[in-house]
$ cat protein_5.txt   # compact mmCIF, C-alpha atoms and all ligand atoms
# COMPACT_ATOMS: atom_id res chain seq x y z
CA MET X 594 -6.93 25.47 -4.32
CA LYS X 595 -4.16 26.96 -6.45
CA LEU X 596 -2.38 24.93 -9.14
CA LEU X 597 0.79 25.55 -11.09
CA VAL X 598 0.78 23.47 -14.29
CA THR X 599 4.01 22.77 -16.18
CA GLY X 600 3.56 22.01 -19.88
CA GLY X 601 0.31 23.96 -19.74
CA ALA X 602 0.34 24.49 -23.53
CA GLY X 603 0.51 20.74 -24.18
CA LEU X 604 -2.15 18.12 -24.82
CA LEU X 605 -2.72 17.16 -21.19
CA GLY X 606 -1.51 20.33 -19.46
CA SER X 607 -3.95 22.53 -21.37
CA GLU X 608 -6.83 20.36 -20.18
CA PHE X 609 -5.67 20.82 -16.54
CA VAL X 610 -5.64 24.57 -17.08
CA ARG X 611 -9.14 24.53 -18.61
CA ALA X 612 -10.53 22.32 -15.83
CA ALA X 613 -9.01 24.39 -13.02
CA HIS X 614 -10.57 27.54 -14.50
CA GLN X 615 -13.95 25.80 -14.46
CA ARG X 616 -13.78 24.58 -10.83
CA ASP X 617 -15.30 26.97 -8.33
CA GLY X 618 -12.69 28.52 -6.08
CA TRP X 619 -9.71 27.09 -8.03
CA ASP X 620 -6.92 29.21 -9.40
CA VAL X 621 -4.21 28.19 -11.87
CA GLU X 622 -0.94 29.46 -13.29
CA ALA X 623 0.71 27.85 -16.29
CA PRO X 624 4.14 29.33 -17.00
CA SER X 625 5.31 28.87 -20.59
CA ARG X 626 8.49 27.03 -21.46
CA THR X 627 10.21 30.42 -21.85
CA GLU X 628 9.10 31.55 -18.40
CA MET X 629 10.01 28.24 -16.71
CA ASP X 630 12.23 25.89 -18.66
CA ILE X 631 12.18 22.82 -16.44
CA THR X 632 15.86 22.12 -17.18
CA ASP X 633 16.70 25.41 -15.44
CA ALA X 634 16.66 24.70 -11.69
CA SER X 635 16.75 28.33 -10.60
CA ALA X 636 13.90 29.32 -12.94
CA CYS X 637 11.81 26.46 -11.49
CA ALA X 638 12.57 27.53 -7.92
CA ARG X 639 11.84 31.19 -8.65
CA VAL X 640 8.60 30.70 -10.60
CA VAL X 641 7.12 28.10 -8.25
CA ALA X 642 8.00 30.17 -5.17
CA ALA X 643 6.43 33.29 -6.70
CA ALA X 644 3.23 31.44 -7.63
CA SER X 645 2.99 29.75 -4.21
CA PRO X 646 0.64 26.99 -5.41
CA ASP X 647 -0.97 24.30 -3.25
CA TRP X 648 -0.11 21.71 -5.93
CA VAL X 649 2.23 21.60 -8.92
CA ILE X 650 0.84 19.49 -11.77
CA HIS X 651 3.92 18.45 -13.71
CA CYS X 652 2.99 17.70 -17.35
CA ALA X 653 6.02 19.19 -19.13
CA GLY X 654 8.41 16.82 -20.77
CA PHE X 655 10.11 15.39 -23.81
CA THR X 656 7.17 13.36 -25.07
CA LYS X 657 8.18 12.13 -28.54
CA VAL X 658 8.78 8.40 -28.21
CA ASP X 659 10.54 7.72 -31.55
CA PRO X 660 12.78 10.86 -31.71
CA ALA X 661 13.88 10.07 -28.13
CA GLU X 662 15.79 7.05 -29.47
CA SER X 663 18.25 9.32 -31.27
CA GLU X 664 18.43 11.88 -28.43
CA PRO X 665 18.81 9.74 -25.29
CA ASP X 666 20.84 12.36 -23.39
CA GLU X 667 18.39 15.16 -24.16
CA VAL X 668 15.34 13.11 -23.16
CA MET X 669 17.05 12.26 -19.83
CA ARG X 670 18.01 15.90 -19.29
CA VAL X 671 14.42 17.08 -19.78
CA ASN X 672 12.47 14.25 -18.18
CA ARG X 673 14.73 13.08 -15.34
CA ASP X 674 16.65 16.25 -14.49
CA GLY X 675 13.77 18.60 -15.32
CA SER X 676 11.39 16.60 -13.14
CA ALA X 677 13.90 16.72 -10.28
CA ASN X 678 14.01 20.52 -10.64
CA VAL X 679 10.23 20.82 -10.62
CA ALA X 680 9.85 18.49 -7.63
CA ARG X 681 12.56 20.28 -5.62
CA ALA X 682 10.88 23.61 -6.38
CA ALA X 683 7.53 22.22 -5.21
CA VAL X 684 9.08 20.91 -1.99
CA ALA X 685 10.79 24.24 -1.32
CA ALA X 686 7.49 26.09 -1.86
CA GLY X 687 5.58 23.67 0.39
CA ALA X 688 3.41 22.52 -2.53
CA GLY X 689 2.23 19.02 -3.39
CA ILE X 690 3.37 17.56 -6.70
CA ALA X 691 1.39 15.44 -9.15
CA HIS X 692 3.88 14.04 -11.63
CA ILE X 693 2.49 12.68 -14.90
CA SER X 694 4.10 9.38 -15.85
CA THR X 695 3.33 6.71 -18.39
CA ASP X 696 2.17 3.13 -18.92
CA TYR X 697 5.39 2.72 -20.94
CA VAL X 698 7.32 2.20 -17.69
CA PHE X 699 6.31 -1.45 -18.26
CA ASP X 700 7.59 -3.84 -20.95
CA GLY X 701 4.19 -5.43 -21.53
CA SER X 702 5.27 -8.98 -20.69
CA LYS X 703 2.84 -9.34 -17.76
CA GLY X 704 -0.07 -9.85 -20.14
CA GLN X 705 -2.62 -8.76 -17.56
CA PRO X 706 -3.46 -5.35 -16.08
CA TYR X 707 -0.53 -3.64 -14.38
CA LEU X 708 -0.84 -2.70 -10.70
CA PRO X 709 0.84 0.47 -9.37
CA GLU X 710 3.27 -1.68 -7.37
CA ASP X 711 4.37 -3.93 -10.27
CA PRO X 712 8.10 -3.69 -11.06
CA VAL X 713 8.96 -1.33 -13.90
CA SER X 714 10.91 -2.50 -16.97
CA PRO X 715 11.13 0.26 -19.62
CA LEU X 716 11.91 -0.66 -23.24
CA GLY X 717 13.10 2.56 -24.94
CA ALA X 718 14.88 5.85 -24.28
CA TYR X 719 11.64 7.76 -23.58
CA ALA X 720 10.39 5.04 -21.22
CA ARG X 721 13.74 4.87 -19.37
CA SER X 722 13.68 8.65 -18.91
CA LYS X 723 10.15 8.48 -17.47
CA VAL X 724 11.20 5.80 -14.96
CA ALA X 725 14.15 8.01 -14.01
CA ALA X 726 11.75 10.97 -13.71
CA GLU X 727 9.51 9.04 -11.29
CA GLU X 728 12.60 8.18 -9.21
CA SER X 729 13.84 11.76 -9.15
CA VAL X 730 10.43 13.08 -8.07
CA LEU X 731 10.15 10.46 -5.31
CA SER X 732 13.64 11.21 -4.07
CA ALA X 733 12.94 14.97 -3.97
CA VAL X 734 9.69 14.53 -2.05
CA ARG X 735 11.27 12.07 0.38
CA ALA X 736 13.64 14.85 1.36
CA GLY X 737 10.71 17.11 2.26
CA ARG X 738 7.19 16.70 3.59
CA THR X 739 5.42 17.33 0.33
CA PRO X 740 2.44 15.19 -0.65
CA SER X 741 2.93 13.54 -4.03
CA LEU X 742 1.13 11.58 -6.69
CA ILE X 743 2.81 9.69 -9.51
CA VAL X 744 0.07 9.43 -12.12
CA ARG X 745 0.58 6.68 -14.70
CA THR X 746 -1.52 7.11 -17.80
CA GLY X 747 -1.29 6.45 -21.53
CA TRP X 748 -2.76 6.56 -25.04
CA LEU X 749 -4.00 10.14 -24.60
CA TYR X 750 -6.13 12.20 -26.96
CA GLY X 751 -7.98 15.45 -26.40
CA HIS X 752 -8.58 19.03 -27.39
CA GLY X 753 -5.26 20.61 -26.43
CA ARG X 754 -2.96 19.76 -29.30
CA ARG X 755 -2.81 17.65 -32.47
CA ASP X 756 -3.50 14.08 -31.38
CA PHE X 757 -3.99 10.53 -32.69
CA VAL X 758 -7.63 11.31 -33.57
CA ASP X 759 -6.51 14.23 -35.80
CA LEU X 760 -3.90 12.04 -37.47
CA VAL X 761 -6.41 9.27 -38.24
CA LEU X 762 -9.13 11.65 -39.48
CA ASP X 763 -6.80 13.85 -41.56
CA ARG X 764 -5.09 10.92 -43.25
CA THR X 765 -8.40 9.13 -43.93
CA LEU X 766 -10.04 12.27 -45.33
CA ALA X 767 -7.00 12.80 -47.57
CA GLY X 768 -7.46 9.24 -48.89
CA ASP X 769 -4.03 8.37 -47.54
CA PRO X 770 -4.01 4.63 -46.64
CA LEU X 771 -3.40 4.09 -42.92
CA ARG X 772 -1.37 1.19 -41.51
CA ILE X 773 -1.98 0.90 -37.77
CA VAL X 774 -0.49 -1.63 -35.36
CA ASP X 775 -2.85 -4.30 -34.12
CA ASP X 776 -0.71 -6.12 -31.54
CA GLN X 777 -0.21 -3.38 -28.91
CA TRP X 778 -2.93 -3.38 -26.24
CA GLY X 779 -3.79 -0.48 -23.96
CA ARG X 780 -6.56 1.87 -22.90
CA PRO X 781 -7.30 4.87 -25.18
CA THR X 782 -7.89 7.76 -22.80
CA TRP X 783 -9.47 11.20 -23.10
CA THR X 784 -7.41 13.86 -21.34
CA ARG X 785 -10.63 15.33 -19.88
CA ASN X 786 -11.15 12.13 -17.86
CA VAL X 787 -7.53 12.01 -16.64
CA VAL X 788 -7.74 15.58 -15.40
CA ARG X 789 -11.06 15.09 -13.63
CA ALA X 790 -9.74 11.96 -11.91
CA VAL X 791 -6.43 13.54 -10.86
CA LEU X 792 -8.08 16.64 -9.41
CA ASP X 793 -10.60 14.47 -7.57
CA LEU X 794 -7.79 12.22 -6.26
CA ILE X 795 -5.92 15.27 -4.97
CA GLU X 796 -9.06 16.49 -3.21
CA ALA X 797 -9.65 13.00 -1.80
CA GLY X 798 -6.12 12.97 -0.31
CA ALA X 799 -4.75 10.17 -2.52
CA ARG X 800 -0.97 9.68 -2.44
CA GLY X 801 1.68 7.53 -4.13
CA VAL X 802 1.53 5.82 -7.52
CA VAL X 803 -1.90 5.80 -9.18
CA ASN X 804 -3.12 4.42 -12.50
CA VAL X 805 -5.46 6.76 -14.38
CA SER X 806 -7.01 5.89 -17.74
CA ASP X 807 -10.34 5.30 -19.37
CA GLY X 808 -11.89 1.83 -19.10
CA GLY X 809 -11.92 -1.00 -21.63
CA THR X 810 -9.05 -2.17 -23.80
CA ALA X 811 -8.09 -1.77 -27.44
CA THR X 812 -5.27 -2.07 -29.90
CA TRP X 813 -4.20 1.06 -31.80
CA HIS X 814 -5.94 -0.49 -34.82
CA THR X 815 -9.23 -1.01 -32.91
CA PHE X 816 -8.99 2.58 -31.69
CA ALA X 817 -8.30 3.96 -35.18
CA THR X 818 -11.15 1.90 -36.65
CA ALA X 819 -13.55 3.26 -34.02
CA ILE X 820 -12.49 6.83 -34.93
CA VAL X 821 -13.02 6.26 -38.67
CA GLU X 822 -16.38 4.55 -38.13
CA ALA X 823 -17.62 7.25 -35.74
CA ALA X 824 -16.78 9.87 -38.36
CA GLY X 825 -18.77 7.89 -40.95
CA LEU X 826 -15.75 7.50 -43.23
CA GLY X 827 -15.40 4.52 -45.53
CA GLN X 828 -11.72 3.68 -45.72
CA LEU X 829 -10.79 1.58 -42.67
CA PRO X 830 -7.16 1.37 -41.55
CA GLN X 831 -5.07 -1.65 -42.41
CA ALA X 832 -3.89 -3.77 -39.46
CA VAL X 833 -0.15 -4.42 -39.24
CA SER X 834 2.13 -5.97 -36.64
CA SER X 835 4.58 -3.83 -34.66
CA ARG X 836 7.40 -5.70 -36.38
CA ASP X 837 6.07 -4.90 -39.87
CA TYR X 838 5.34 -1.28 -38.88
CA GLY X 839 8.97 -0.88 -37.80
CA ALA X 840 8.87 2.20 -35.54
CA PRO X 841 12.31 3.33 -34.27
CA ALA X 842 11.36 2.80 -30.58
CA ASP X 843 10.31 -0.56 -29.16
CA ARG X 844 6.91 -0.27 -27.55
CA PRO X 845 5.33 -2.62 -25.01
CA LEU X 846 2.70 -4.95 -26.49
CA TYR X 847 0.44 -4.74 -23.43
CA THR X 848 0.12 -1.77 -21.06
CA VAL X 849 -3.41 -2.03 -19.73
CA LEU X 850 -3.36 -0.33 -16.33
CA ASP X 851 -5.34 -1.85 -13.46
CA LEU X 852 -7.89 0.73 -12.33
CA ALA X 853 -9.35 -1.01 -9.25
CA ALA X 854 -7.48 1.04 -6.64
CA THR X 855 -8.12 4.33 -8.44
CA GLU X 856 -11.80 3.60 -8.93
CA GLY X 857 -12.05 2.60 -5.25
CA GLU X 858 -10.46 5.89 -4.22
CA LEU X 859 -12.69 7.89 -6.57
CA GLY X 860 -15.85 5.98 -5.70
CA ARG X 861 -16.72 5.70 -9.39
CA GLU X 862 -15.66 3.83 -12.50
CA MET X 863 -13.56 5.44 -15.21
CA MET X 864 -15.49 6.07 -18.43
CA PRO X 865 -15.26 3.25 -21.01
CA TRP X 866 -13.02 4.42 -23.87
CA ARG X 867 -15.66 4.00 -26.59
CA GLU X 868 -18.07 6.25 -24.67
CA ALA X 869 -15.33 8.83 -24.01
CA LEU X 870 -14.39 8.86 -27.71
CA ARG X 871 -18.04 9.40 -28.68
CA VAL X 872 -18.42 12.37 -26.32
CA TYR X 873 -15.10 13.87 -27.47
CA LEU X 874 -15.99 13.55 -31.16
CA ASP X 875 -19.44 15.08 -30.52
CA GLU X 876 -17.76 18.04 -28.79
CA ARG X 877 -15.34 18.47 -31.70
CA SER X 878 -18.06 18.42 -34.31
CA SER X 879 -20.22 20.93 -32.43
CA ALA X 880 -17.31 23.31 -31.73
N1 LIG A 901 0.38 11.84 -24.85
C1 LIG A 901 0.33 10.63 -24.30
O1 LIG A 901 -0.30 9.69 -24.85
C2 LIG A 901 0.97 10.37 -22.96
C3 LIG A 901 0.92 9.06 -22.46
C4 LIG A 901 1.49 8.81 -21.21
C5 LIG A 901 2.09 9.81 -20.50
N2 LIG A 901 2.18 11.06 -21.02
C6 LIG A 901 2.85 12.08 -20.24
O2 LIG A 901 1.95 13.13 -20.02
C7 LIG A 901 2.68 14.37 -19.92
C8 LIG A 901 2.07 15.38 -20.87
O3 LIG A 901 2.14 14.84 -22.20
P1 LIG A 901 1.44 15.55 -23.43
O4 LIG A 901 0.96 14.47 -24.32
O5 LIG A 901 0.52 16.61 -22.94
O6 LIG A 901 2.72 16.21 -24.11
P2 LIG A 901 2.85 17.49 -25.06
O7 LIG A 901 1.55 17.81 -25.71
O8 LIG A 901 4.03 17.18 -25.90
O9 LIG A 901 3.19 18.65 -24.04
C9 LIG A 901 4.43 18.70 -23.39
C10 LIG A 901 4.62 20.09 -22.86
O10 LIG A 901 5.90 20.13 -22.23
C11 LIG A 901 6.51 21.36 -22.60
N3 LIG A 901 7.96 21.24 -22.49
C12 LIG A 901 8.81 20.45 -23.18
N4 LIG A 901 10.07 20.66 -22.78
C13 LIG A 901 10.03 21.62 -21.82
C14 LIG A 901 11.00 22.26 -21.02
N5 LIG A 901 12.30 21.97 -21.14
N6 LIG A 901 10.58 23.19 -20.13
C15 LIG A 901 9.28 23.49 -20.00
N7 LIG A 901 8.31 22.93 -20.73
C16 LIG A 901 8.68 22.00 -21.63
C17 LIG A 901 6.06 21.59 -24.04
O11 LIG A 901 6.27 22.95 -24.33
P3 LIG A 901 5.90 23.58 -25.74
O12 LIG A 901 4.45 23.96 -25.61
O13 LIG A 901 6.81 24.73 -25.85
O14 LIG A 901 6.12 22.51 -26.77
C18 LIG A 901 4.60 21.18 -23.93
O15 LIG A 901 3.80 22.25 -23.49
C19 LIG A 901 4.14 14.03 -20.23
O16 LIG A 901 4.83 13.88 -19.03
C20 LIG A 901 4.05 12.69 -20.95
O17 LIG A 901 5.22 11.94 -20.75
C21 LIG A 901 1.62 11.38 -22.25

$ encode --input "protein_5.txt" --output "structure tokens"
Amino acid sequence: MKLLVTGGAGLLGSEFVRAAHQRDGWDVEAPSRTEMDITDASACARVVAAASPDWVIHCAGFTKVDPAESEPDEVMRVNRDGSANVARAAVAAGAGIAHISTDYVFDGSKGQPYLPEDPVSPLGAYARSKVAAEESVLSAVRAGRTPSLIVRTGWLYGHGRRDFVDLVLDRTLAGDPLRIVDDQWGRPTWTRNVVRAVLDLIEAGARGVVNVSDGGTATWHTFATAIVEAAGLGQLPQAVSSRDYGAPADRPLYTVLDLAATEGELGREMMPWREALRVYLDERSSA
């Protein structure tokens, strides 16, 4: 199996690259942004055709939720138009495409776990661009015969790049008081577990929209507290409401993804987030 990973230097993409290297008989290419800017349709077509992958894993994107509010055109250009370019290039090369999407396609008002088929209702510029990206990928693959997966995930942390765990630990160690929102619910998720699930789903022949995250639920404050406690640090974060925190982008208050279909397809349960966090922190401290 040969993969081409976009955004292979990013938090999630780098974990795909690492995992593919470790799987027997798998091969992977991860063009840099300079080699394959996803907003450049001809670069996408050329690089994907030359690599001739079985699957394109599309992780590249404009991922900063708050800055997206002041750059709505740019976030659309990268996420919607760039994803269309990547998907068309995959179709032309006869490759499958796994497009990484987000739990933020929902507004959180359901109040119970979101199913893949639930209607989307994005709140901010980033979220709207990710809904548009899903639509552009689906429209490109409809025009061809390419297998596709739209992978909805969220609340990621992992080894690839500075993440929420780094932020919490660095600020706590510096004695900098942390205010963390305690009214947004989701599933903290280790990139390692997303990657393993997505590669297994591809091998199992899964198609369509799939939810992939670790198990259990938390608020950002619960998650941050677990990080501080696991590190044996004393100063716990202060809980604040989203309103009092006042981030530029509106975020959904509840984006727990329903994992039943994914777990059925995989034949196993996703790892509970507290266990995943423990394993991740152990790996970091022994590195
Ligand atoms: N992080 C999360 O909690 C989360 C949650 C839900 C969904 N997602 C989705 O998961 C995917 C990966 O996110 P991530 O957290 O790994 O993001 P990330 O660490 O910010 O990585 C994004 C990657 O995209 C690349 N990129 C940006 N613009 C590009 C362009 N025009 N052409 C080519 N490459 C470009 C970046 O390149 P550089 O290396 O040059 O910066 C980077 O390697 C994204 O689609 C994101 O929307 C993330």

$ residues_near_ligand --input "protein_5.txt" --ligand "ligand LIG 901 (chain A)" --cutoff "7 Å" --atoms "all atoms listed in the file" --output "JSON, numbers by chain"
{"X": [599, 600, 601, 602, 603, 604, 605, 606, 625, 626, 629, 630, 631, 632, 652, 653, 654, 655, 656, 671, 675, 693, 694, 695, 696, 723, 745, 746, 747, 748, 749, 750, 754]}

$ atom_distance --input "protein_5.txt" --atom1 "CA of Gly689 (chain X)" --atom2 "CA of Pro740 (chain X)"
4.7 Å

$ residues_around --input "protein_5.txt" --residues "Ala842 (chain X)" --least-positions-apart "6" --cutoff "12 Å" --atoms "all atoms listed in the file" --output "number ranges by chain"
X: 657-665, 697, 715-721, 835-836

$ closest_residue --input "protein_5.txt" --among "X:Asp763, X:Arg611, X:Asn786, X:Arg681" --to "Arg738 (chain X)" --atoms "all atoms listed in the file"
X:Arg681

$ closest_residue --input "protein_5.txt" --among "X:Asp647, X:Asp759, X:Glu667, X:Asp843" --to "Asp700 (chain X)" --atoms "all atoms listed in the file"
X:Asp843

$ atom_distance --input "protein_5.txt" --atom1 "CA of Gly751 (chain X)" --atom2 "CA of Trp783 (chain X)"
5.6 Å

$ closest_residue --input "protein_5.txt" --among "X:Ala683, X:Ala817, X:Val598, X:Leu742" --to "Val774 (chain X)" --atoms "only C-alpha atoms"
X:Ala817

$ atom_distance --input "protein_5.txt" --atom1 "CA of Thr848 (chain X)" --atom2 "CA of Asn678 (chain X)"
28.3 Å

$ residues_around --input "protein_5.txt" --residues "Pro712 (chain X)" --least-positions-apart "2" --cutoff "12 Å" --atoms "all atoms listed in the file" --output "short mmCIF file (atom, residue, chain, number, x, y, z; two decimals) with C-alpha atoms, keeping the file's coordinate frame"
data_model
loop_
_atom_site.label_atom_id
_atom_site.label_comp_id
_atom_site.auth_asym_id
_atom_site.auth_seq_id
_atom_site.Cartn_x
_atom_site.Cartn_y
_atom_site.Cartn_z
CA ASP X 696 2.17 3.13 -18.92
CA VAL X 698 7.32 2.20 -17.69
CA PHE X 699 6.31 -1.45 -18.26
CA ASP X 700 7.59 -3.84 -20.95
CA GLY X 701 4.19 -5.43 -21.53
CA SER X 702 5.27 -8.98 -20.69
CA LYS X 703 2.84 -9.34 -17.76
CA TYR X 707 -0.53 -3.64 -14.38
CA LEU X 708 -0.84 -2.70 -10.70
CA PRO X 709 0.84 0.47 -9.37
CA GLU X 710 3.27 -1.68 -7.37
CA SER X 714 10.91 -2.50 -16.97
CA PRO X 715 11.13 0.26 -19.62
CA VAL X 724 11.20 5.80 -14.96
#

$ closest_residue --input "protein_5.txt" --among "X:Asp851, X:Glu822, X:Asp793, X:Asp776" --to "Gly808 (chain X)" --atoms "only C-alpha atoms"
X:Asp851

$ decode --input "protein_5.txt" --residues "region 674-706 of chain X" --atoms "N, CA and C atoms" --output "short mmCIF file (atom, residue, chain, number, x, y, z; two decimals), in the first residue's frame"
data_model
loop_
_atom_site.label_atom_id
_atom_site.label_comp_id
_atom_site.auth_asym_id
_atom_site.auth_seq_id
_atom_site.Cartn_x
_atom_site.Cartn_y
_atom_site.Cartn_z
N ASP X 674 -11.00 25.14 -1.60
CA ASP X 674 -10.43 25.03 -2.95
C ASP X 674 -9.24 24.07 -2.95
N GLY X 675 -8.41 24.15 -1.90
CA GLY X 675 -7.27 23.25 -1.82
C GLY X 675 -7.71 21.79 -1.75
N SER X 676 -8.76 21.53 -0.98
CA SER X 676 -9.24 20.14 -0.88
C SER X 676 -9.80 19.65 -2.21
N ALA X 677 -10.46 20.56 -2.94
CA ALA X 677 -10.95 20.18 -4.27
C ALA X 677 -9.77 19.81 -5.17
N ASN X 678 -8.70 20.58 -5.10
CA ASN X 678 -7.51 20.28 -5.92
C ASN X 678 -6.92 18.91 -5.57
N VAL X 679 -6.82 18.66 -4.28
CA VAL X 679 -6.23 17.38 -3.85
C VAL X 679 -7.13 16.22 -4.28
N ALA X 680 -8.43 16.39 -4.09
CA ALA X 680 -9.36 15.29 -4.44
C ALA X 680 -9.36 15.04 -5.95
N ARG X 681 -9.34 16.13 -6.74
CA ARG X 681 -9.32 15.93 -8.21
C ARG X 681 -8.03 15.23 -8.63
N ALA X 682 -6.93 15.59 -7.99
CA ALA X 682 -5.65 14.96 -8.32
C ALA X 682 -5.69 13.47 -7.95
N ALA X 683 -6.32 13.15 -6.82
CA ALA X 683 -6.43 11.74 -6.43
C ALA X 683 -7.27 10.97 -7.44
N VAL X 684 -8.40 11.57 -7.82
CA VAL X 684 -9.28 10.90 -8.80
C VAL X 684 -8.52 10.66 -10.11
N ALA X 685 -7.81 11.69 -10.57
CA ALA X 685 -7.09 11.57 -11.85
C ALA X 685 -6.01 10.49 -11.78
N ALA X 686 -5.43 10.30 -10.58
CA ALA X 686 -4.36 9.31 -10.43
C ALA X 686 -4.92 7.93 -10.06
N GLY X 687 -6.24 7.83 -9.94
CA GLY X 687 -6.86 6.54 -9.60
C GLY X 687 -6.61 6.13 -8.15
N ALA X 688 -6.38 7.14 -7.29
CA ALA X 688 -6.11 6.85 -5.87
C ALA X 688 -7.36 7.11 -5.03
N GLY X 689 -7.48 6.40 -3.92
CA GLY X 689 -8.51 6.73 -2.94
C GLY X 689 -8.12 7.99 -2.20
N ILE X 690 -9.11 8.64 -1.58
CA ILE X 690 -8.78 9.82 -0.77
C ILE X 690 -9.44 9.73 0.61
N ALA X 691 -8.61 9.90 1.64
CA ALA X 691 -9.13 10.03 3.01
C ALA X 691 -8.95 11.49 3.39
N HIS X 692 -10.06 12.18 3.53
CA HIS X 692 -10.04 13.62 3.81
C HIS X 692 -10.30 13.82 5.31
N ILE X 693 -9.40 14.57 5.96
CA ILE X 693 -9.55 14.76 7.40
C ILE X 693 -10.43 15.98 7.67
N SER X 694 -11.56 15.72 8.31
CA SER X 694 -12.50 16.79 8.65
C SER X 694 -12.59 16.92 10.17
N THR X 695 -13.60 17.60 10.63
CA THR X 695 -13.62 18.02 12.04
C THR X 695 -14.99 17.85 12.68
N ASP X 696 -14.98 17.69 14.00
CA ASP X 696 -16.23 17.69 14.77
C ASP X 696 -16.87 19.08 14.77
N TYR X 697 -16.11 20.12 14.39
CA TYR X 697 -16.66 21.47 14.38
C TYR X 697 -17.60 21.71 13.20
N VAL X 698 -17.87 20.70 12.39
CA VAL X 698 -18.93 20.86 11.38
C VAL X 698 -20.30 20.96 12.06
N PHE X 699 -20.36 20.62 13.36
CA PHE X 699 -21.63 20.68 14.09
C PHE X 699 -21.65 21.90 15.02
N ASP X 700 -22.89 22.37 15.33
CA ASP X 700 -23.00 23.54 16.22
C ASP X 700 -23.13 23.16 17.69
N GLY X 701 -23.22 21.86 17.98
CA GLY X 701 -23.24 21.43 19.37
C GLY X 701 -24.62 21.38 20.00
N SER X 702 -25.65 21.80 19.25
CA SER X 702 -26.97 21.91 19.89
C SER X 702 -27.65 20.55 20.09
N LYS X 703 -27.14 19.50 19.47
CA LYS X 703 -27.80 18.19 19.60
C LYS X 703 -27.73 17.69 21.05
N GLY X 704 -26.62 17.93 21.71
CA GLY X 704 -26.50 17.55 23.11
C GLY X 704 -26.32 16.07 23.35
N GLN X 705 -26.25 15.29 22.30
CA GLN X 705 -25.88 13.88 22.42
C GLN X 705 -25.01 13.50 21.24
N PRO X 706 -24.30 12.35 21.33
CA PRO X 706 -23.25 12.08 20.32
C PRO X 706 -23.74 12.20 18.87
#
